[in-house]
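Peer 1: Provided below: work_1.tsv, containing TSV, C-alpha atoms and all ligand atoms.
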chain	number	residue	atom	x	y	z
A	1	MET	CA	7.20	101.34	151.80
A	2	ILE	CA	6.46	100.36	148.23
A	3	TYR	CA	6.54	102.50	145.11
A	4	GLN	CA	6.45	101.96	141.37
A	5	VAL	CA	9.67	102.64	139.48
A	6	GLY	CA	8.56	104.87	136.61
A	7	LYS	CA	5.06	105.18	135.23
A	8	ASP	CA	3.13	101.99	134.45
A	9	SER	CA	6.28	99.87	134.56
A	10	GLY	CA	4.78	97.25	136.86
A	11	VAL	CA	8.13	97.24	138.67
A	12	TYR	CA	7.98	98.12	142.35
A	13	CYS	CA	10.68	98.86	144.91
A	14	ILE	CA	10.10	97.73	148.50
A	15	GLU	CA	12.07	99.65	151.12
A	16	GLY	CA	12.26	99.72	154.90
A	17	ILE	CA	12.99	95.99	155.26
A	18	GLY	CA	16.46	96.28	156.75
A	19	GLN	CA	19.46	97.50	154.82
A	20	ALA	CA	18.56	95.75	151.56
A	21	ARG	CA	15.73	96.37	149.14
A	22	ALA	CA	13.38	93.90	147.53
A	23	TYR	CA	11.61	94.29	144.20
A	24	PHE	CA	8.22	93.14	143.03
A	25	VAL	CA	7.34	92.78	139.38
A	26	ALA	CA	3.69	92.61	138.35
A	27	ALA	CA	4.37	90.87	135.05
A	28	SER	CA	2.14	88.01	133.86
A	29	GLU	CA	3.50	85.94	136.75
A	30	TYR	CA	3.97	87.97	139.90
A	31	THR	CA	7.60	87.83	140.96
A	32	LEU	CA	9.42	88.93	144.09
A	33	ILE	CA	13.15	89.55	143.83
A	34	ASP	CA	14.99	89.15	147.17
A	35	THR	CA	13.39	89.22	150.59
A	36	GLY	CA	15.33	91.55	152.92
A	37	VAL	CA	16.70	90.67	156.35
A	38	PRO	CA	14.92	88.21	158.70
A	39	SER	CA	11.47	89.01	160.16
A	40	GLN	CA	10.42	91.35	157.34
A	41	ALA	CA	7.71	89.13	155.83
A	42	PRO	CA	4.83	91.04	157.50
A	43	ARG	CA	6.22	94.33	156.15
A	44	ILE	CA	6.61	92.90	152.64
A	45	VAL	CA	3.12	91.39	152.73
A	46	SER	CA	1.58	94.68	153.84
A	47	ALA	CA	3.57	96.58	151.17
A	48	LEU	CA	2.14	94.23	148.54
A	49	ALA	CA	-1.35	94.68	150.00
A	50	GLN	CA	-1.00	98.42	149.37
A	51	ILE	CA	-0.86	97.71	145.63
A	52	GLY	CA	-3.65	95.14	145.85
A	53	VAL	CA	-1.51	92.00	145.71
A	54	GLN	CA	-2.35	89.08	147.98
A	55	PRO	CA	0.42	86.70	149.14
A	56	LEU	CA	-0.92	83.72	147.19
A	57	GLN	CA	-0.70	85.73	143.97
A	58	VAL	CA	3.10	85.80	144.22
A	59	LYS	CA	4.17	82.98	141.93
A	60	ARG	CA	7.91	83.03	142.35
A	61	ILE	CA	10.70	84.40	144.50
A	62	ILE	CA	14.04	84.89	142.78
A	63	LEU	CA	17.13	85.36	144.93
A	64	THR	CA	20.01	87.38	143.48
A	65	HIS	CA	22.39	85.63	145.92
A	66	HIS	CA	22.52	83.80	149.21
A	67	HIS	CA	23.48	86.62	151.61
A	68	TRP	CA	21.34	86.93	154.71
A	69	ASP	CA	20.15	90.48	153.93
A	70	HIS	CA	18.59	89.15	150.69
A	71	VAL	CA	17.24	85.76	151.79
A	72	GLY	CA	16.49	86.72	155.41
A	73	SER	CA	12.70	86.58	155.12
A	74	LEU	CA	12.60	83.88	152.46
A	75	TRP	CA	11.47	81.05	154.73
A	76	GLU	CA	8.58	83.07	156.16
A	77	LEU	CA	7.53	84.43	152.77
A	78	GLN	CA	7.64	81.05	151.08
A	79	ARG	CA	5.38	79.67	153.79
A	80	ILE	CA	2.85	82.46	153.25
A	81	THR	CA	2.95	82.65	149.44
A	82	HIS	CA	3.78	79.04	148.42
A	83	ALA	CA	5.83	80.67	145.67
A	84	GLN	CA	8.42	78.82	143.62
A	85	VAL	CA	11.93	79.62	144.94
A	86	CYS	CA	14.62	80.21	142.34
A	87	ALA	CA	18.38	80.80	142.61
A	88	HIS	CA	21.62	80.01	140.82
A	89	PRO	CA	22.89	76.49	141.56
A	90	ARG	CA	26.19	77.79	142.98
A	91	ASP	CA	24.39	79.72	145.75
A	92	ALA	CA	21.63	77.15	146.23
A	93	ASP	CA	23.54	75.02	148.75
A	94	TYR	CA	23.84	77.96	151.14
A	95	ILE	CA	20.10	78.64	150.92
A	96	THR	CA	19.11	75.02	151.36
A	97	GLY	CA	21.48	74.73	154.34
A	98	LYS	CA	23.69	72.11	152.70
A	99	ARG	CA	26.71	74.39	153.11
A	100	PRO	CA	27.35	76.79	155.99
A	101	ARG	CA	27.85	80.45	155.19
A	102	ARG	CA	31.49	81.34	155.78
A	103	ALA	CA	32.94	84.38	157.49
A	104	PRO	CA	35.01	86.66	155.24
A	105	ARG	CA	38.80	86.35	155.51
A	106	ARG	CA	39.60	89.98	156.29
A	107	THR	CA	39.41	91.29	159.86
A	108	LEU	CA	36.82	94.02	159.24
A	109	GLY	CA	34.72	91.55	157.30
A	110	ARG	CA	34.91	89.12	160.20
A	111	ILE	CA	33.80	91.79	162.66
A	112	MET	CA	30.83	92.73	160.45
A	113	TYR	CA	30.01	89.06	159.99
A	114	GLY	CA	30.01	88.58	163.78
A	115	LEU	CA	27.58	91.48	164.03
A	116	PHE	CA	25.30	90.00	161.37
A	117	THR	CA	25.43	86.67	163.19
A	118	LEU	CA	24.16	88.40	166.32
A	119	MET	CA	21.36	89.85	164.19
A	120	GLY	CA	20.28	86.36	163.11
A	121	ALA	CA	22.32	85.75	159.96
A	122	GLN	CA	23.43	82.26	160.97
A	123	LYS	CA	20.06	81.04	162.12
A	124	LEU	CA	18.24	81.26	158.81
A	125	PRO	CA	15.97	78.25	158.33
A	126	PRO	CA	16.94	76.25	155.23
A	127	VAL	CA	14.64	76.64	152.23
A	128	PRO	CA	14.53	74.20	149.28
A	129	ILE	CA	15.21	75.61	145.83
A	130	ASP	CA	12.47	74.72	143.33
A	131	ARG	CA	14.22	75.92	140.22
A	132	ALA	CA	17.92	76.42	139.48
A	133	LEU	CA	18.64	79.44	137.29
A	134	ASN	CA	21.62	79.28	134.96
A	135	ASP	CA	23.29	81.93	132.83
A	136	GLY	CA	21.35	82.81	129.70
A	137	GLU	CA	18.15	81.18	130.87
A	138	LYS	CA	14.75	82.84	130.59
A	139	ILE	CA	12.35	82.81	133.50
A	140	GLY	CA	9.06	84.46	132.65
A	141	ALA	CA	9.96	87.88	131.28
A	142	PHE	CA	13.43	87.86	132.85
A	143	SER	CA	16.80	86.89	131.41
A	144	VAL	CA	19.24	85.39	133.89
A	145	ILE	CA	22.83	86.67	133.86
A	146	HIS	CA	25.31	84.83	136.05
A	147	THR	CA	27.53	87.48	137.66
A	148	PRO	CA	29.78	85.63	140.13
A	149	GLY	CA	32.29	87.30	142.41
A	150	HIS	CA	30.29	88.84	145.25
A	151	THR	CA	29.12	85.25	145.80
A	152	PRO	CA	29.76	82.27	143.47
A	153	GLY	CA	26.14	82.11	142.35
A	154	HIS	CA	25.27	85.81	142.20
A	155	ILE	CA	22.88	86.65	139.37
A	156	CYS	CA	21.46	89.74	137.73
A	157	LEU	CA	18.07	89.72	136.00
A	158	GLN	CA	17.16	91.77	132.98
A	159	ARG	CA	13.69	92.65	131.85
A	160	ASP	CA	13.56	95.16	128.99
A	161	ASP	CA	15.07	98.41	130.26
A	162	PHE	CA	15.40	97.18	133.83
A	163	LEU	CA	18.41	95.44	135.33
A	164	PHE	CA	18.02	93.91	138.79
A	165	SER	CA	21.63	93.92	139.93
A	166	GLY	CA	21.63	92.57	143.51
A	167	ASP	CA	25.00	93.33	145.11
A	168	LEU	CA	27.06	93.29	141.91
A	169	LEU	CA	27.85	96.98	142.41
A	170	PHE	CA	26.85	100.05	144.41
A	171	ALA	CA	24.63	102.23	142.24
A	172	THR	CA	25.05	105.47	144.19
A	173	PRO	CA	23.66	108.66	142.65
A	174	GLY	CA	27.00	110.35	141.86
A	175	ALA	CA	29.03	107.49	140.45
A	176	PHE	CA	28.71	103.73	140.52
A	177	ARG	CA	31.34	101.84	142.46
A	178	GLU	CA	32.35	98.36	143.47
A	179	THR	CA	30.60	96.67	146.37
A	180	PRO	CA	33.04	96.92	149.32
A	181	HIS	CA	35.67	94.21	148.94
A	182	ILE	CA	35.16	92.96	152.49
A	183	PHE	CA	31.81	91.52	151.42
A	184	THR	CA	33.02	90.13	148.09
A	185	ALA	CA	34.23	86.55	147.87
A	186	ASP	CA	36.32	87.03	144.72
A	187	VAL	CA	37.16	90.57	143.59
A	188	PRO	CA	38.71	89.84	140.12
A	189	THR	CA	35.72	87.63	139.25
A	190	SER	CA	33.34	90.33	140.44
A	191	ARG	CA	35.12	92.85	138.19
A	192	ALA	CA	34.77	90.50	135.24
A	193	SER	CA	31.04	90.29	136.02
A	194	ILE	CA	30.78	94.10	136.02
A	195	ALA	CA	32.48	94.09	132.60
A	196	LYS	CA	29.95	91.48	131.42
A	197	ILE	CA	27.02	93.68	132.51
A	198	ALA	CA	28.66	96.71	130.86
A	199	GLY	CA	27.97	95.04	127.52
A	200	LEU	CA	24.21	95.06	128.05
A	201	ASP	CA	21.66	97.67	127.13
A	202	PHE	CA	19.35	99.00	129.86
A	203	GLN	CA	18.23	102.29	131.39
A	204	VAL	CA	17.27	101.51	134.97
A	205	ILE	CA	19.39	99.67	137.51
A	206	LEU	CA	17.71	98.24	140.59
A	207	SER	CA	20.40	97.38	143.08
A	208	GLY	CA	20.21	95.65	146.42
A	209	HIS	CA	21.22	98.60	148.56
A	210	HIS	CA	20.46	101.85	146.72
A	211	ALA	CA	17.43	103.63	145.36
A	212	PRO	CA	16.62	102.84	141.72
A	213	HIS	CA	18.93	104.64	139.29
A	214	VAL	CA	16.64	105.45	136.40
A	215	VAL	CA	18.59	107.03	133.55
A	216	GLN	CA	21.59	105.91	131.53
A	217	SER	CA	22.52	103.27	134.04
A	218	ALA	CA	24.28	101.12	131.43
A	219	ALA	CA	26.56	104.09	130.63
A	220	ARG	CA	27.41	104.42	134.36
A	221	VAL	CA	28.24	100.70	134.51
A	222	ARG	CA	30.47	101.05	131.43
A	223	GLU	CA	32.33	103.95	133.11
A	224	LEU	CA	32.89	101.80	136.18
A	225	ALA	CA	34.01	98.80	134.10
A	226	ASN	CA	36.49	100.98	132.18
A	227	LYS	CA	37.87	102.40	135.42
A	228	LEU	CA	38.29	98.94	136.93
A	229	GLY	CA	39.83	97.60	133.71
A	230	ALA	CA	42.38	100.44	133.73
A	231	MET	CA	43.18	99.72	137.39
A	232	GLU	CA	43.74	96.03	136.66
A	233	ASN	CA	46.00	96.86	133.70
A	234	SER	CA	48.12	99.31	135.69
A	235	ALA	CA	48.41	96.75	138.51
A	236	ARG	CA	49.66	94.22	135.96
A	237	VAL	CA	52.28	96.69	134.60
A	238	ALA	CA	53.53	97.69	138.07
A	301	ZN	ZN	25.49	90.48	149.30
A	302	ZN	ZN	23.33	92.91	150.26
Could I get this file's structure written as structure tokens?
Ligand SMILES: [Zn+2]
Ligand SMILES: [Zn+2]

Peer 2:
Amino acid sequence: MIYQVGKDSGVYCIEGIGQARAYFVAASEYTLIDTGVPSQAPRIVSALAQIGVQPLQVKRIILTHHHWDHVGSLWELQRITHAQVCAHPRDADYITGKRPRRAPRRTLGRIMYGLFTLMGAQKLPPVPIDRALNDGEKIGAFSVIHTPGHTPGHICLQRDDFLFSGDLLFATPGAFRETPHIFTADVPTSRASIAKIAGLDFQVILSGHHAPHVVQSAARVRELANKLGAMENSARVA
């Protein structure tokens, strides 16, 4: 399923491709952000066809981070679109296959990881990265914000009022919260990244696992950052 986020925004959400979402932006250069779990390329291609976009029109694929539910269909999609593949250098080695993805340290994380492995997480074909994206860089209409913690090379992308936030946080309708710690490589660093994003100005947050949150999203992120900051301070006092 594909739908436009807001009227005439040119920003589309693609759902039904496993547990993660992908986004398509019909800016001057057509951009796909994340690719869902493995074997979803046909679904993504047919979603794009519904809005009149042919695979070869997709100029670039930006990955928010290296996790399998975001790069799962990258290899297939790159083959079909010939798009430029972009990611932060600190996650690039996992995508290119230079480094193996590691199981989380905690028991529950390990169990989940085992499950993902059964679902094909370990067998992802390596894909070369065409362009490394560093903090503060511009790529087309997007600004790159390095937000490490969930993974070392996790990035968010901002375009006007829209923030593509990957797995930096869970943007649930009631209140925003941290991504479950079992999936996060470095929790204090992730909290610092949430605080970094809290300083930005945007309305809409497009996260990897929840429906677009379209109003006052920056205020919700600030609330979360304040809560986490208070928790860290009280932990330091105790
Ligand atoms: Zn993730
Ligand atoms: Zn994810």

Peer 1: What's the separation between atom CA of A:Asp160 and atom CA of A:Leu77, in Å to one decimal place?

Peer 2: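 Between these atoms lies a distance of 26.8 Å.
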
Peer 1: One decimal, in Å: what's the spacing between atom CA of A:Pro173 and atom CA of A:Ala20?

Peer 2: 16.5 Å

Peer 1: Sort by chain and increasing residue number a table of all residues of chain A within 7 Å of ligand ZN 301 (chain A), each with its closest pair of atoms and their distance in Å to one decimal, counting only C-alpha atoms and all ligand atoms, and write it as CSV.

Peer 2:
residue,atom,partner,partner_atom,distance
A:His65,CA,A:ZN301,ZN,6.7
A:His67,CA,A:ZN301,ZN,4.9
A:His150,CA,A:ZN301,ZN,6.5
A:Asp167,CA,A:ZN301,ZN,5.1
A:Phe183,CA,A:ZN301,ZN,6.7

Peer 1: What residues have any atom no more than 10 Å from ligand ZN 302 (chain A) when counting all atoms listed in the file, and can you list them as a ChimeraX atom specification?

Peer 2: /A:19-21,34,36-37,64-71,150,166-170,179,183,207-209

Peer 1: Using C-alpha atoms, can you write the selected residues to a file as an mmCIF file, in the coordinates of the input?

Peer 2:
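The new file selection.cif reads:
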data_model
loop_
_atom_site.group_PDB
_atom_site.id
_atom_site.type_symbol
_atom_site.label_atom_id
_atom_site.label_comp_id
_atom_site.auth_asym_id
_atom_site.auth_seq_id
_atom_site.Cartn_x
_atom_site.Cartn_y
_atom_site.Cartn_z
ATOM 1 C CA GLN A 19 19.460 97.500 154.820
ATOM 2 C CA ALA A 20 18.560 95.750 151.560
ATOM 3 C CA ARG A 21 15.730 96.370 149.140
ATOM 4 C CA ASP A 34 14.990 89.150 147.170
ATOM 5 C CA GLY A 36 15.330 91.550 152.920
ATOM 6 C CA VAL A 37 16.700 90.670 156.350
ATOM 7 C CA THR A 64 20.010 87.380 143.480
ATOM 8 C CA HIS A 65 22.390 85.630 145.920
ATOM 9 C CA HIS A 66 22.520 83.800 149.210
ATOM 10 C CA HIS A 67 23.480 86.620 151.610
ATOM 11 C CA TRP A 68 21.340 86.930 154.710
ATOM 12 C CA ASP A 69 20.150 90.480 153.930
ATOM 13 C CA HIS A 70 18.590 89.150 150.690
ATOM 14 C CA VAL A 71 17.240 85.760 151.790
ATOM 15 C CA HIS A 150 30.290 88.840 145.250
ATOM 16 C CA GLY A 166 21.630 92.570 143.510
ATOM 17 C CA ASP A 167 25.000 93.330 145.110
ATOM 18 C CA LEU A 168 27.060 93.290 141.910
ATOM 19 C CA LEU A 169 27.850 96.980 142.410
ATOM 20 C CA PHE A 170 26.850 100.050 144.410
ATOM 21 C CA THR A 179 30.600 96.670 146.370
ATOM 22 C CA PHE A 183 31.810 91.520 151.420
ATOM 23 C CA SER A 207 20.400 97.380 143.080
ATOM 24 C CA GLY A 208 20.210 95.650 146.420
ATOM 25 C CA HIS A 209 21.220 98.600 148.560
#

Peer 1: Within 10 Å of A:Val45, counting all atoms listed in the file, which residues qualify if same-chain residues fewer than 2 places away don't, as a PyMOL selection string?

Peer 2: chain A and resi 40-43+47-50+53-55+77+80-81

Peer 1: Any idea what the distance is between atom CA of A:Asp161 and atom CA of A:Ser143?

Peer 2: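 The value is 11.7 Å.
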
Peer 1: Find, counting only C-alpha atoms, the residue in A:Val25, A:Val5, A:Val11, A:Ile62 that gets nearest to A:Val215.

Peer 2: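 Of the candidates, the smallest distance to A:Val215 is held by A:Val5.
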
Peer 1: Kindly indicate which residue among A:Leu56, A:Gln216, A:Cys156, A:Cys13 lies nearest to A:Ile197, using all atoms listed in the file for the distances.

Peer 2: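 Result for the nearest residue to A:Ile197: A:Cys156.
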
Peer 1: Find the residues around A:Pro212 up to 10 Å (all atoms listed in the file counted), leave out those fewer than 6 positions away in its own chain, and share them as JSON, numbers by chain.

Peer 2: {"A": [5, 6, 12, 13, 21, 162, 163, 164, 171, 172, 173, 204, 205, 206]}

Peer 1: For the selection you just gave me, I'd like the residues written to a file as a PDB file, in the frame of the given file, keeping C-alpha atoms.

Peer 2:
ATOM      1  CA  VAL A   5       9.670 102.640 139.480  1.00  0.00           C
ATOM      2  CA  GLY A   6       8.560 104.870 136.610  1.00  0.00           C
ATOM      3  CA  TYR A  12       7.980  98.120 142.350  1.00  0.00           C
ATOM      4  CA  CYS A  13      10.680  98.860 144.910  1.00  0.00           C
ATOM      5  CA  ARG A  21      15.730  96.370 149.140  1.00  0.00           C
ATOM      6  CA  PHE A 162      15.400  97.180 133.830  1.00  0.00           C
ATOM      7  CA  LEU A 163      18.410  95.440 135.330  1.00  0.00           C
ATOM      8  CA  PHE A 164      18.020  93.910 138.790  1.00  0.00           C
ATOM      9  CA  ALA A 171      24.630 102.230 142.240  1.00  0.00           C
ATOM     10  CA  THR A 172      25.050 105.470 144.190  1.00  0.00           C
ATOM     11  CA  PRO A 173      23.660 108.660 142.650  1.00  0.00           C
ATOM     12  CA  VAL A 204      17.270 101.510 134.970  1.00  0.00           C
ATOM     13  CA  ILE A 205      19.390  99.670 137.510  1.00  0.00           C
ATOM     14  CA  LEU A 206      17.710  98.240 140.590  1.00  0.00           C
TER      15      LEU A 206
END

Peer 1: Would you mind telling me which residue in A:Leu124, A:Ala211, A:Ala92, A:Leu32 lies nearest to A:Glu76 when using all atoms listed in the file?

Peer 2: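 Closest to A:Glu76 of all the choices is A:Leu124.
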
Peer 1: Would you list the residues near (31.9, 92.5, 140.0), meaning any protein, DNA or RNA residue with an atom at most 12 Å from that point in file coordinates, counting all atoms listed in the file, as a PDB file with C-alpha atoms, in the coordinates of the input?

Peer 2:
ATOM      1  CA  HIS A 146      25.310  84.830 136.050  1.00  0.00           C
ATOM      2  CA  THR A 147      27.530  87.480 137.660  1.00  0.00           C
ATOM      3  CA  PRO A 148      29.780  85.630 140.130  1.00  0.00           C
ATOM      4  CA  GLY A 149      32.290  87.300 142.410  1.00  0.00           C
ATOM      5  CA  HIS A 150      30.290  88.840 145.250  1.00  0.00           C
ATOM      6  CA  THR A 151      29.120  85.250 145.800  1.00  0.00           C
ATOM      7  CA  PRO A 152      29.760  82.270 143.470  1.00  0.00           C
ATOM      8  CA  HIS A 154      25.270  85.810 142.200  1.00  0.00           C
ATOM      9  CA  ILE A 155      22.880  86.650 139.370  1.00  0.00           C
ATOM     10  CA  CYS A 156      21.460  89.740 137.730  1.00  0.00           C
ATOM     11  CA  SER A 165      21.630  93.920 139.930  1.00  0.00           C
ATOM     12  CA  GLY A 166      21.630  92.570 143.510  1.00  0.00           C
ATOM     13  CA  ASP A 167      25.000  93.330 145.110  1.00  0.00           C
ATOM     14  CA  LEU A 168      27.060  93.290 141.910  1.00  0.00           C
ATOM     15  CA  LEU A 169      27.850  96.980 142.410  1.00  0.00           C
ATOM     16  CA  PHE A 170      26.850 100.050 144.410  1.00  0.00           C
ATOM     17  CA  PHE A 176      28.710 103.730 140.520  1.00  0.00           C
ATOM     18  CA  ARG A 177      31.340 101.840 142.460  1.00  0.00           C
ATOM     19  CA  GLU A 178      32.350  98.360 143.470  1.00  0.00           C
ATOM     20  CA  THR A 179      30.600  96.670 146.370  1.00  0.00           C
ATOM     21  CA  PRO A 180      33.040  96.920 149.320  1.00  0.00           C
ATOM     22  CA  HIS A 181      35.670  94.210 148.940  1.00  0.00           C
ATOM     23  CA  PHE A 183      31.810  91.520 151.420  1.00  0.00           C
ATOM     24  CA  THR A 184      33.020  90.130 148.090  1.00  0.00           C
ATOM     25  CA  ALA A 185      34.230  86.550 147.870  1.00  0.00           C
ATOM     26  CA  ASP A 186      36.320  87.030 144.720  1.00  0.00           C
ATOM     27  CA  VAL A 187      37.160  90.570 143.590  1.00  0.00           C
ATOM     28  CA  PRO A 188      38.710  89.840 140.120  1.00  0.00           C
ATOM     29  CA  THR A 189      35.720  87.630 139.250  1.00  0.00           C
ATOM     30  CA  SER A 190      33.340  90.330 140.440  1.00  0.00           C
ATOM     31  CA  ARG A 191      35.120  92.850 138.190  1.00  0.00           C
ATOM     32  CA  ALA A 192      34.770  90.500 135.240  1.00  0.00           C
ATOM     33  CA  SER A 193      31.040  90.290 136.020  1.00  0.00           C
ATOM     34  CA  ILE A 194      30.780  94.100 136.020  1.00  0.00           C
ATOM     35  CA  ALA A 195      32.480  94.090 132.600  1.00  0.00           C
ATOM     36  CA  LYS A 196      29.950  91.480 131.420  1.00  0.00           C
ATOM     37  CA  ILE A 197      27.020  93.680 132.510  1.00  0.00           C
ATOM     38  CA  ALA A 198      28.660  96.710 130.860  1.00  0.00           C
ATOM     39  CA  VAL A 221      28.240 100.700 134.510  1.00  0.00           C
ATOM     40  CA  LEU A 224      32.890 101.800 136.180  1.00  0.00           C
ATOM     41  CA  ALA A 225      34.010  98.800 134.100  1.00  0.00           C
ATOM     42  CA  LEU A 228      38.290  98.940 136.930  1.00  0.00           C
ATOM     43  CA  GLY A 229      39.830  97.600 133.710  1.00  0.00           C
TER      44      GLY A 229
END

Peer 1: Write out as a list in words which residues come within 9 Å of A:Tyr30 when counting all atoms listed in the file, dropping same-chain ones fewer than 2 positions away.

Peer 2: Phe24, Val25, Ala26, Ala27, Ser28, Leu32, Val53, Gln57, Val58, Lys59, Arg60 and Ile61 of chain A

Peer 1: Between A:Ala219, A:Ile33, A:Ile129, A:Leu157, which residue has the minimum interatomic distance to A:Phe142, considering all atoms listed in the file?

Peer 2: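 Closest residue, counting all atoms listed in the file: A:Leu157.
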
Peer 1: Missing atoms in stretch 5-17 of chain A should be modelled up to N, CA and C atoms and reported as a PDB file, in the frame of the given file.

Peer 2:
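The result, stored in result_24.pdb:
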ATOM      1  N   VAL A   5       8.493 102.015 140.089  1.00  0.00           N
ATOM      2  CA  VAL A   5       9.670 102.640 139.480  1.00  0.00           C
ATOM      3  C   VAL A   5       9.277 103.087 138.075  1.00  0.00           C
ATOM      4  N   GLY A   6       9.023 104.370 137.911  1.00  0.00           N
ATOM      5  CA  GLY A   6       8.560 104.870 136.610  1.00  0.00           C
ATOM      6  C   GLY A   6       7.064 104.643 136.471  1.00  0.00           C
ATOM      7  N   LYS A   7       6.507 105.228 135.419  1.00  0.00           N
ATOM      8  CA  LYS A   7       5.060 105.180 135.230  1.00  0.00           C
ATOM      9  C   LYS A   7       4.663 103.881 134.530  1.00  0.00           C
ATOM     10  N   ASP A   8       3.680 103.200 135.075  1.00  0.00           N
ATOM     11  CA  ASP A   8       3.130 101.990 134.450  1.00  0.00           C
ATOM     12  C   ASP A   8       4.171 100.915 134.111  1.00  0.00           C
ATOM     13  N   SER A   9       5.249 100.879 134.865  1.00  0.00           N
ATOM     14  CA  SER A   9       6.280  99.870 134.560  1.00  0.00           C
ATOM     15  C   SER A   9       5.905  98.507 135.128  1.00  0.00           C
ATOM     16  N   GLY A  10       5.084  98.499 136.176  1.00  0.00           N
ATOM     17  CA  GLY A  10       4.780  97.250 136.860  1.00  0.00           C
ATOM     18  C   GLY A  10       5.944  96.750 137.709  1.00  0.00           C
ATOM     19  N   VAL A  11       6.958  97.589 137.858  1.00  0.00           N
ATOM     20  CA  VAL A  11       8.130  97.240 138.670  1.00  0.00           C
ATOM     21  C   VAL A  11       8.093  98.090 139.940  1.00  0.00           C
ATOM     22  N   TYR A  12       8.123  97.429 141.075  1.00  0.00           N
ATOM     23  CA  TYR A  12       7.980  98.120 142.350  1.00  0.00           C
ATOM     24  C   TYR A  12       9.208  97.894 143.223  1.00  0.00           C
ATOM     25  N   CYS A  13       9.574  98.959 143.952  1.00  0.00           N
ATOM     26  CA  CYS A  13      10.680  98.860 144.910  1.00  0.00           C
ATOM     27  C   CYS A  13      10.082  98.799 146.319  1.00  0.00           C
ATOM     28  N   ILE A  14      10.558  97.855 147.108  1.00  0.00           N
ATOM     29  CA  ILE A  14      10.100  97.730 148.500  1.00  0.00           C
ATOM     30  C   ILE A  14      11.264  98.130 149.410  1.00  0.00           C
ATOM     31  N   GLU A  15      11.026  99.155 150.214  1.00  0.00           N
ATOM     32  CA  GLU A  15      12.070  99.650 151.120  1.00  0.00           C
ATOM     33  C   GLU A  15      11.629  99.520 152.570  1.00  0.00           C
ATOM     34  N   GLY A  16      12.597  99.762 153.476  1.00  0.00           N
ATOM     35  CA  GLY A  16      12.260  99.720 154.900  1.00  0.00           C
ATOM     36  C   GLY A  16      12.203  98.297 155.435  1.00  0.00           C
ATOM     37  N   ILE A  17      12.966  97.397 154.825  1.00  0.00           N
ATOM     38  CA  ILE A  17      12.990  95.990 155.260  1.00  0.00           C
ATOM     39  C   ILE A  17      14.428  95.611 155.627  1.00  0.00           C
TER      40      ILE A  17
END
